[in-house]
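Before any comments, here is the structure.
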Amino acid sequence: MNGATELVVRGGSPLRGRLRMPGDKGMSHRALLFAAMATGSSRLTHVASGDDVQRTARALDDLGVRVRADDNSAMTINGTGVEGMYEPAGIIDCGNSGTTMRMLAGLLAGRPFRAVLSGDASLVTRPMRRVVEPLLAMGAQIEGRGDGDVAPLAIRGGHLVGVRCELSVASAQVKTAVVLAGLQATGDTVVTEPLPSRDHSERMLAALGAPVERVDATTLRVRHGAPDPFEFEVPGDASSAAFFAVAAAITPGSSIVLAEVGLNPTRIAFVDVLRRMGARIEVRETGERLGEPVGELTVEAAALTATVIEGGEVPWLIDEIPALAVAAAFAEGTTEIRDAAELRVKESDRIGTLQQELTQMGIEVVPAADGLAIRGGTPRPATLKSHGDHRIAMAAAIAGLGVEGETTVRGWRAVDSSYPEFERDLAMLRTT
């Protein structure tokens with residue numbers, strides 16, 4: 001391995017050892033926002049260190065919330081409650097973080113001032129109407145390019161009224177935005193999704209005493225209120241664990257333990273997919289934090305066979321599909337991924353970028369509007385690109401581990417948005 005702008009992976013050596021995963025990115029974003037809405041001091045440890053989470057922290061600082069970083073992974077937040085937030089002096093730069101932009105839109109929808117959210121060249125092309133429309137229905141004023149579909153978003157918040165909201169997509173980010181707005185609204189806000197999405201927000205907020213109630217698998221009821229101040233050790237990131245789990249499964253002789261991983265059922269669906277492909281994975285729960293189960297994964301190398309990924313499991317897998325696509329490239333048979341059109345509007349068009357990079361490795365990939373068919377085989381070393389997408393970068397890296405020879409990943413700095421320690425952690429698990 002070398003340098004920050006590209007990564008060279010020498011494949012063929014097994015992964016061995018125990019690795020503590022970095023803090024969960026999604027929970028880190030949420031914990032910062034919830035702490036800011038609380039009145040009093042909250043302390044977070046093992047916070048995700050990537051740029052995306054730092055964008056949320058800096059945005060809160062722009063709004064008058066004091067966020068003090070004690071070290072790389074610990075923060076103290078002096079929550080002002082929403083009433084103590086004030087109009088930012090300039091544009092809030094969300095960088096590459098769609099999570100920051102969408103969730104912050106929900107928070108700002110209830111604040112009686114103007115704020116503008118923007119981001120990098122990738123973020124300002126990603127769809128925002130899905131979050132803008134329910135906030136408009138609650139009484140916020142929001143303008144954006146493309147009739148509100150793309151950033152920059154200019155938000156003038158104010159008095160919100162609870163509504164019955166049926167979301168157009170199963171998105172935990174959009175759901176959370178509506179929940180944050182609902183906590184500031186008059187009356188009940190009822191949020192219904194077409195399929196269940198990841199449920200960190202409702203678990204954590206309920207544990208913090210906020211009036212958020214699960215009605216059924218796809219519906220939440222939110223009332224006016226706020227979370228209490230708290231202390232929280234952020235569980236390890238399950239999406240990051242998925243890449244190491246696949247790496248161990250496809251690299252002969254590997255046996256690893258991934259420790260302190262968040263075991264929320266809506267986040268570890270990749271384990272079920274890998275198991276039905278033949279992977280050897282054990283899951284052991286060791287505790288719970290703010291309603292979130294925590295534990296460890298033990299993964300050993302195994303021969304894999306193809307599977308089908310579709311339907312209701314897709315919203316629980318959307319961030320892990322790049323890792324699972326690599327598993328499919330090494331599996332016997334053709335794996336089909338369906339009902340995953342959301343891949344088209346992530347940090348890159350992941351259907352197109354996965355097709356391009358796996359094809360570079362000699363794997364036959366047939367794209368569709370909403371997925372991929374991947375015919376497993378014997379991948380070869382190649383020079384691959386991240387396309388500015390952190391998950392494509394990590395997928396390329398683990399693909400290189402399973403083949404003899406050197407694979408180069410260009411644009412490696414893309415991982416800085418979520419997992420800047422990836423190269424270091426990978427080196428810890430290499431035996432040669």
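Residues are referred to by chain and number: the chain letter is A, B, ... according to the order shown in the structure tokens, the number counts from 1 in that chain, and ligands are numbered separately from 1 in the order shown.
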Surrounding residues of region 85-99 of chain A excluding itself and chain neighbours under 6 positions, 10 Å, only C-alpha atoms, as a ChimeraX atom specification: /A:25-26,29-30,36-37,51-56,58-65,79,105,108,111-124,126-128,152-154,156,172-174,176-177,346-347,388-389,414,417-418
Strand (DSSP E or B) residues, from DSSP on the backbone, in region 240-378 of chain A, as JSON, numbers by chain: {"A": [255, 256, 257, 258, 259, 260, 261, 262, 280, 281, 282, 283, 284, 285, 286, 287, 288, 289, 292, 293, 294, 295, 296, 297, 298, 299, 300, 305, 308, 309, 332, 334, 335, 336, 337, 364, 365, 366, 367, 368, 371, 372, 373, 374, 375]}
Within 12 Å of region 313-321 of chain A, which residues of region 191-213 of chain A show up? Give each one with its shortest atom-to-atom distance in Å (one decimal) and the two atoms involved, counting only C-alpha atoms, rows by chain then rising residue number, as a Markdown table.
```
| residue | atom | partner | partner_atom | distance |
| --- | --- | --- | --- | --- |
| A:Glu193 | CA | A:Pro315 | CA | 11.0 |
| A:Pro194 | CA | A:Pro315 | CA | 10.3 |
| A:Leu195 | CA | A:Pro315 | CA | 7.6 |
| A:Pro196 | CA | A:Pro315 | CA | 7.4 |
| A:Ser197 | CA | A:Pro315 | CA | 5.6 |
| A:Arg198 | CA | A:Trp316 | CA | 6.2 |
| A:Asp199 | CA | A:Trp316 | CA | 9.8 |
| A:His200 | CA | A:Trp316 | CA | 11.8 |
```
Neighbour list for Ala74 (chain A) as a ChimeraX atom specification, cut-off 10 Å, only C-alpha atoms, skip fewer than 2 positions in-chain: /A:43-49,68-72,76,232-234
Would you kindly return, as an mmCIF file with all heavy atoms, in the first residue's frame, each protein, DNA or RNA residue with an atom no farther than 7 Å from any atom of Ile351 (chain A), considering only C-alpha atoms and excluding same-chain residues fewer than 4 positions away?
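Done, and the output landed in selection32.cif:
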```
data_model
loop_
_atom_site.group_PDB
_atom_site.id
_atom_site.type_symbol
_atom_site.label_atom_id
_atom_site.label_comp_id
_atom_site.auth_asym_id
_atom_site.auth_seq_id
_atom_site.Cartn_x
_atom_site.Cartn_y
_atom_site.Cartn_z
ATOM 1 N N LEU A 343 -29.289 3.275 -6.066
ATOM 2 C CA LEU A 343 -27.852 3.255 -6.325
ATOM 3 C C LEU A 343 -27.442 4.293 -7.363
ATOM 4 O O LEU A 343 -26.288 4.735 -7.390
ATOM 5 C CB LEU A 343 -27.417 1.873 -6.814
ATOM 6 C CG LEU A 343 -27.480 0.718 -5.810
ATOM 7 C CD1 LEU A 343 -27.215 -0.596 -6.516
ATOM 8 C CD2 LEU A 343 -26.477 0.931 -4.677
ATOM 9 N N ARG A 344 -28.380 4.690 -8.218
ATOM 10 C CA ARG A 344 -28.070 5.645 -9.278
ATOM 11 C C ARG A 344 -27.792 7.049 -8.738
ATOM 12 O O ARG A 344 -27.181 7.880 -9.427
ATOM 13 C CB ARG A 344 -29.240 5.734 -10.263
ATOM 14 C CG ARG A 344 -29.497 4.458 -11.059
ATOM 15 C CD ARG A 344 -28.524 4.331 -12.198
ATOM 16 N NE ARG A 344 -28.878 3.231 -13.114
ATOM 17 C CZ ARG A 344 -28.086 2.811 -14.078
ATOM 18 N NH1 ARG A 344 -26.907 3.392 -14.276
ATOM 19 N NH2 ARG A 344 -28.451 1.809 -14.857
ATOM 20 N N GLN A 355 -20.253 -1.517 -12.450
ATOM 21 C CA GLN A 355 -20.089 -2.215 -13.740
ATOM 22 C C GLN A 355 -18.712 -1.919 -14.329
ATOM 23 O O GLN A 355 -17.989 -2.829 -14.758
ATOM 24 C CB GLN A 355 -21.166 -1.779 -14.724
ATOM 25 C CG GLN A 355 -20.994 -2.431 -16.095
ATOM 26 C CD GLN A 355 -21.728 -1.680 -17.206
ATOM 27 O OE1 GLN A 355 -22.178 -0.553 -17.009
ATOM 28 N NE2 GLN A 355 -21.848 -2.308 -18.366
ATOM 29 N N PRO A 367 -25.776 -4.291 -16.503
ATOM 30 C CA PRO A 367 -26.531 -3.320 -15.709
ATOM 31 C C PRO A 367 -28.000 -3.290 -16.108
ATOM 32 O O PRO A 367 -28.376 -3.656 -17.226
ATOM 33 C CB PRO A 367 -25.845 -1.993 -16.045
ATOM 34 C CG PRO A 367 -25.394 -2.188 -17.464
ATOM 35 C CD PRO A 367 -24.999 -3.650 -17.576
ATOM 36 N N GLY A 371 -30.499 -2.089 -11.038
ATOM 37 C CA GLY A 371 -29.610 -3.069 -10.430
ATOM 38 C C GLY A 371 -28.571 -3.608 -11.383
ATOM 39 O O GLY A 371 -28.237 -2.989 -12.406
ATOM 40 N N LEU A 372 -28.067 -4.799 -11.054
ATOM 41 C CA LEU A 372 -26.960 -5.413 -11.776
ATOM 42 C C LEU A 372 -27.125 -6.928 -11.781
ATOM 43 O O LEU A 372 -27.679 -7.491 -10.832
ATOM 44 C CB LEU A 372 -25.629 -5.112 -11.073
ATOM 45 C CG LEU A 372 -25.167 -3.671 -10.890
ATOM 46 C CD1 LEU A 372 -24.222 -3.577 -9.706
ATOM 47 C CD2 LEU A 372 -24.481 -3.195 -12.154
#
```
Spatial neighbours of Ile392 (chain A), 9 Å, only C-alpha atoms, chain gap at least 3 places, as a ChimeraX atom specification: /A:322-323,348,350,353-354,357,385-389,395-397,414-415
DSSP-assigned alpha helix (DSSP H) members of region 205-373 of chain A, reported as a PyMOL selection string: chain A and resi 205-207+238-250+269-276+321-330+350-360
Report as an mmCIF file with N, CA, C and O atoms, in the first residue's frame all protein, DNA and RNA residues lying within 10 Å of Arg280 (chain A), evaluated on only C-alpha atoms, omitting residues in the same chain fewer than 2 positions from it.
```cif
data_model
loop_
_atom_site.group_PDB
_atom_site.id
_atom_site.type_symbol
_atom_site.label_atom_id
_atom_site.label_comp_id
_atom_site.auth_asym_id
_atom_site.auth_seq_id
_atom_site.Cartn_x
_atom_site.Cartn_y
_atom_site.Cartn_z
ATOM 1 N N ALA A 245 -15.810 -7.850 6.147
ATOM 2 C CA ALA A 245 -16.427 -9.177 6.150
ATOM 3 C C ALA A 245 -16.309 -9.827 4.772
ATOM 4 O O ALA A 245 -15.968 -11.014 4.653
ATOM 5 N N ALA A 248 -12.617 -10.836 4.073
ATOM 6 C CA ALA A 248 -12.227 -12.092 4.716
ATOM 7 C C ALA A 248 -12.870 -13.288 4.040
ATOM 8 O O ALA A 248 -12.259 -14.354 3.892
ATOM 9 N N ALA A 249 -14.125 -13.129 3.610
ATOM 10 C CA ALA A 249 -14.831 -14.246 2.979
ATOM 11 C C ALA A 249 -14.193 -14.655 1.661
ATOM 12 O O ALA A 249 -14.156 -15.842 1.324
ATOM 13 N N SER A 255 -9.324 -15.270 8.687
ATOM 14 C CA SER A 255 -10.160 -15.438 9.876
ATOM 15 C C SER A 255 -10.016 -14.180 10.715
ATOM 16 O O SER A 255 -8.937 -13.900 11.240
ATOM 17 N N VAL A 271 -25.135 -9.513 6.509
ATOM 18 C CA VAL A 271 -24.729 -10.796 7.090
ATOM 19 C C VAL A 271 -25.628 -11.911 6.557
ATOM 20 O O VAL A 271 -25.149 -12.986 6.179
ATOM 21 N N LEU A 274 -24.642 -12.636 2.915
ATOM 22 C CA LEU A 274 -23.389 -13.376 2.810
ATOM 23 C C LEU A 274 -23.549 -14.821 3.292
ATOM 24 O O LEU A 274 -22.978 -15.743 2.708
ATOM 25 N N ARG A 275 -24.337 -15.025 4.320
ATOM 26 C CA ARG A 275 -24.555 -16.387 4.812
ATOM 27 C C ARG A 275 -25.255 -17.239 3.765
ATOM 28 O O ARG A 275 -24.911 -18.403 3.567
ATOM 29 N N ARG A 276 -26.245 -16.672 3.084
ATOM 30 C CA ARG A 276 -26.917 -17.501 2.077
ATOM 31 C C ARG A 276 -26.039 -17.710 0.858
ATOM 32 O O ARG A 276 -26.309 -18.600 0.034
ATOM 33 N N MET A 277 -24.977 -16.913 0.725
ATOM 34 C CA MET A 277 -23.980 -17.160 -0.323
ATOM 35 C C MET A 277 -22.946 -18.194 0.116
ATOM 36 O O MET A 277 -22.104 -18.602 -0.682
ATOM 37 N N GLY A 278 -23.010 -18.611 1.397
ATOM 38 C CA GLY A 278 -22.095 -19.624 1.887
ATOM 39 C C GLY A 278 -21.014 -19.116 2.818
ATOM 40 O O GLY A 278 -20.155 -19.891 3.270
ATOM 41 N N GLU A 282 -20.195 -15.588 12.248
ATOM 42 C CA GLU A 282 -20.865 -15.707 13.546
ATOM 43 C C GLU A 282 -21.107 -14.308 14.108
ATOM 44 O O GLU A 282 -20.254 -13.428 13.994
ATOM 45 N N THR A 298 -17.477 -12.622 13.649
ATOM 46 C CA THR A 298 -16.336 -13.466 13.326
ATOM 47 C C THR A 298 -16.541 -13.996 11.919
ATOM 48 O O THR A 298 -17.591 -14.581 11.619
ATOM 49 N N VAL A 299 -15.557 -13.766 11.055
ATOM 50 C CA VAL A 299 -15.704 -14.115 9.638
ATOM 51 C C VAL A 299 -14.507 -14.950 9.197
ATOM 52 O O VAL A 299 -13.355 -14.590 9.478
ATOM 53 N N GLU A 300 -14.787 -16.051 8.497
ATOM 54 C CA GLU A 300 -13.732 -16.898 7.939
ATOM 55 C C GLU A 300 -13.955 -17.076 6.449
ATOM 56 O O GLU A 300 -15.083 -17.007 5.964
ATOM 57 N N ALA A 301 -12.875 -17.302 5.726
ATOM 58 C CA ALA A 301 -12.959 -17.500 4.287
ATOM 59 C C ALA A 301 -13.818 -18.710 3.939
ATOM 60 O O ALA A 301 -13.836 -19.709 4.681
ATOM 61 N N ALA A 302 -14.536 -18.628 2.830
ATOM 62 C CA ALA A 302 -15.407 -19.727 2.406
ATOM 63 C C ALA A 302 -15.695 -19.592 0.918
ATOM 64 O O ALA A 302 -15.619 -18.491 0.348
ATOM 65 N N ALA A 303 -16.034 -20.706 0.281
ATOM 66 C CA ALA A 303 -16.470 -20.674 -1.114
ATOM 67 C C ALA A 303 -17.868 -20.083 -1.179
ATOM 68 O O ALA A 303 -18.758 -20.467 -0.408
ATOM 69 N N LEU A 304 -18.099 -19.145 -2.088
ATOM 70 C CA LEU A 304 -19.377 -18.445 -2.190
ATOM 71 C C LEU A 304 -20.130 -18.864 -3.452
ATOM 72 O O LEU A 304 -19.528 -19.213 -4.462
#
```
Shell around Asp228 (chain A) at 9 Å using only C-alpha atoms, local window under 4 positions removed, as an NGL selection string: :A and (34-35 or 37-40 or 42 or 205 or 208-210)
Deliver the residues from the most recent selection as a file, using all heavy atoms, as a PDB file, in the first residue's frame.
```pdb
ATOM      1  N   PHE A  34     -29.030  15.415  17.774  1.00  0.00           N
ATOM      2  CA  PHE A  34     -29.887  15.251  18.951  1.00  0.00           C
ATOM      3  C   PHE A  34     -29.297  15.996  20.151  1.00  0.00           C
ATOM      4  O   PHE A  34     -30.028  16.596  20.944  1.00  0.00           O
ATOM      5  CB  PHE A  34     -30.060  13.771  19.285  1.00  0.00           C
ATOM      6  CG  PHE A  34     -30.670  12.937  18.176  1.00  0.00           C
ATOM      7  CD1 PHE A  34     -30.554  11.549  18.191  1.00  0.00           C
ATOM      8  CD2 PHE A  34     -31.345  13.529  17.118  1.00  0.00           C
ATOM      9  CE1 PHE A  34     -31.107  10.774  17.181  1.00  0.00           C
ATOM     10  CE2 PHE A  34     -31.898  12.763  16.093  1.00  0.00           C
ATOM     11  CZ  PHE A  34     -31.776  11.384  16.124  1.00  0.00           C
ATOM     12  N   ALA A  35     -27.964  15.954  20.280  1.00  0.00           N
ATOM     13  CA  ALA A  35     -27.318  16.679  21.381  1.00  0.00           C
ATOM     14  C   ALA A  35     -27.517  18.182  21.234  1.00  0.00           C
ATOM     15  O   ALA A  35     -27.683  18.899  22.229  1.00  0.00           O
ATOM     16  CB  ALA A  35     -25.832  16.336  21.425  1.00  0.00           C
ATOM     17  N   MET A  37     -30.100  19.641  19.899  1.00  0.00           N
ATOM     18  CA  MET A  37     -31.495  19.951  20.202  1.00  0.00           C
ATOM     19  C   MET A  37     -31.801  19.852  21.692  1.00  0.00           C
ATOM     20  O   MET A  37     -32.786  20.415  22.161  1.00  0.00           O
ATOM     21  CB  MET A  37     -32.420  19.008  19.425  1.00  0.00           C
ATOM     22  CG  MET A  37     -32.323  19.170  17.920  1.00  0.00           C
ATOM     23  SD  MET A  37     -33.419  18.030  17.021  1.00  0.00           S
ATOM     24  CE  MET A  37     -35.006  18.824  17.294  1.00  0.00           C
ATOM     25  N   ALA A  38     -30.968  19.130  22.436  1.00  0.00           N
ATOM     26  CA  ALA A  38     -31.142  19.016  23.881  1.00  0.00           C
ATOM     27  C   ALA A  38     -30.672  20.301  24.562  1.00  0.00           C
ATOM     28  O   ALA A  38     -29.890  21.069  24.000  1.00  0.00           O
ATOM     29  CB  ALA A  38     -30.356  17.823  24.411  1.00  0.00           C
ATOM     30  N   THR A  39     -31.132  20.538  25.763  1.00  0.00           N
ATOM     31  CA  THR A  39     -30.680  21.687  26.545  1.00  0.00           C
ATOM     32  C   THR A  39     -29.750  21.185  27.631  1.00  0.00           C
ATOM     33  O   THR A  39     -30.191  20.533  28.585  1.00  0.00           O
ATOM     34  CB  THR A  39     -31.862  22.445  27.154  1.00  0.00           C
ATOM     35  OG1 THR A  39     -32.733  22.884  26.094  1.00  0.00           O
ATOM     36  CG2 THR A  39     -31.387  23.643  27.957  1.00  0.00           C
ATOM     37  N   GLY A  40     -28.458  21.439  27.456  1.00  0.00           N
ATOM     38  CA  GLY A  40     -27.468  20.938  28.403  1.00  0.00           C
ATOM     39  C   GLY A  40     -26.308  20.292  27.673  1.00  0.00           C
ATOM     40  O   GLY A  40     -26.256  20.251  26.441  1.00  0.00           O
ATOM     41  N   SER A  42     -23.849  17.315  26.412  1.00  0.00           N
ATOM     42  CA  SER A  42     -23.795  15.899  26.041  1.00  0.00           C
ATOM     43  C   SER A  42     -22.359  15.561  25.645  1.00  0.00           C
ATOM     44  O   SER A  42     -21.625  16.423  25.145  1.00  0.00           O
ATOM     45  CB  SER A  42     -24.725  15.595  24.862  1.00  0.00           C
ATOM     46  OG  SER A  42     -26.086  15.815  25.207  1.00  0.00           O
ATOM     47  N   LEU A 205     -33.823   8.354  19.748  1.00  0.00           N
ATOM     48  CA  LEU A 205     -34.670   9.397  20.318  1.00  0.00           C
ATOM     49  C   LEU A 205     -35.586   8.856  21.409  1.00  0.00           C
ATOM     50  O   LEU A 205     -35.782   9.499  22.452  1.00  0.00           O
ATOM     51  CB  LEU A 205     -35.487  10.067  19.215  1.00  0.00           C
ATOM     52  CG  LEU A 205     -34.707  11.042  18.332  1.00  0.00           C
ATOM     53  CD1 LEU A 205     -35.512  11.414  17.095  1.00  0.00           C
ATOM     54  CD2 LEU A 205     -34.312  12.295  19.112  1.00  0.00           C
ATOM     55  N   LEU A 208     -33.804   8.576  24.524  1.00  0.00           N
ATOM     56  CA  LEU A 208     -33.466   9.885  25.096  1.00  0.00           C
ATOM     57  C   LEU A 208     -34.692  10.649  25.570  1.00  0.00           C
ATOM     58  O   LEU A 208     -34.600  11.836  25.890  1.00  0.00           O
ATOM     59  CB  LEU A 208     -32.706  10.718  24.052  1.00  0.00           C
ATOM     60  CG  LEU A 208     -31.334  10.169  23.652  1.00  0.00           C
ATOM     61  CD1 LEU A 208     -30.760  10.955  22.486  1.00  0.00           C
ATOM     62  CD2 LEU A 208     -30.388  10.207  24.841  1.00  0.00           C
ATOM     63  N   GLY A 209     -35.828   9.987  25.602  1.00  0.00           N
ATOM     64  CA  GLY A 209     -37.027  10.603  26.156  1.00  0.00           C
ATOM     65  C   GLY A 209     -37.784  11.511  25.213  1.00  0.00           C
ATOM     66  O   GLY A 209     -38.714  12.204  25.631  1.00  0.00           O
ATOM     67  N   ALA A 210     -37.431  11.525  23.944  1.00  0.00           N
ATOM     68  CA  ALA A 210     -38.152  12.353  22.976  1.00  0.00           C
ATOM     69  C   ALA A 210     -39.460  11.667  22.580  1.00  0.00           C
ATOM     70  O   ALA A 210     -39.536  10.437  22.542  1.00  0.00           O
ATOM     71  CB  ALA A 210     -37.291  12.604  21.740  1.00  0.00           C
TER      72      ALA A 210
END
```
Option closest in space to Ser28 (chain A), from A:Glu260, A:Asp237, A:Asp188, A:Asp416 [counting only C-alpha atoms]: A:Asp237
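Minimum atom-to-atom distance to Ser240 (chain A), evaluated using only C-alpha atoms, belongs to A:Phe270 out of A:Glu83, A:Asn78, A:Arg223, A:Phe270.
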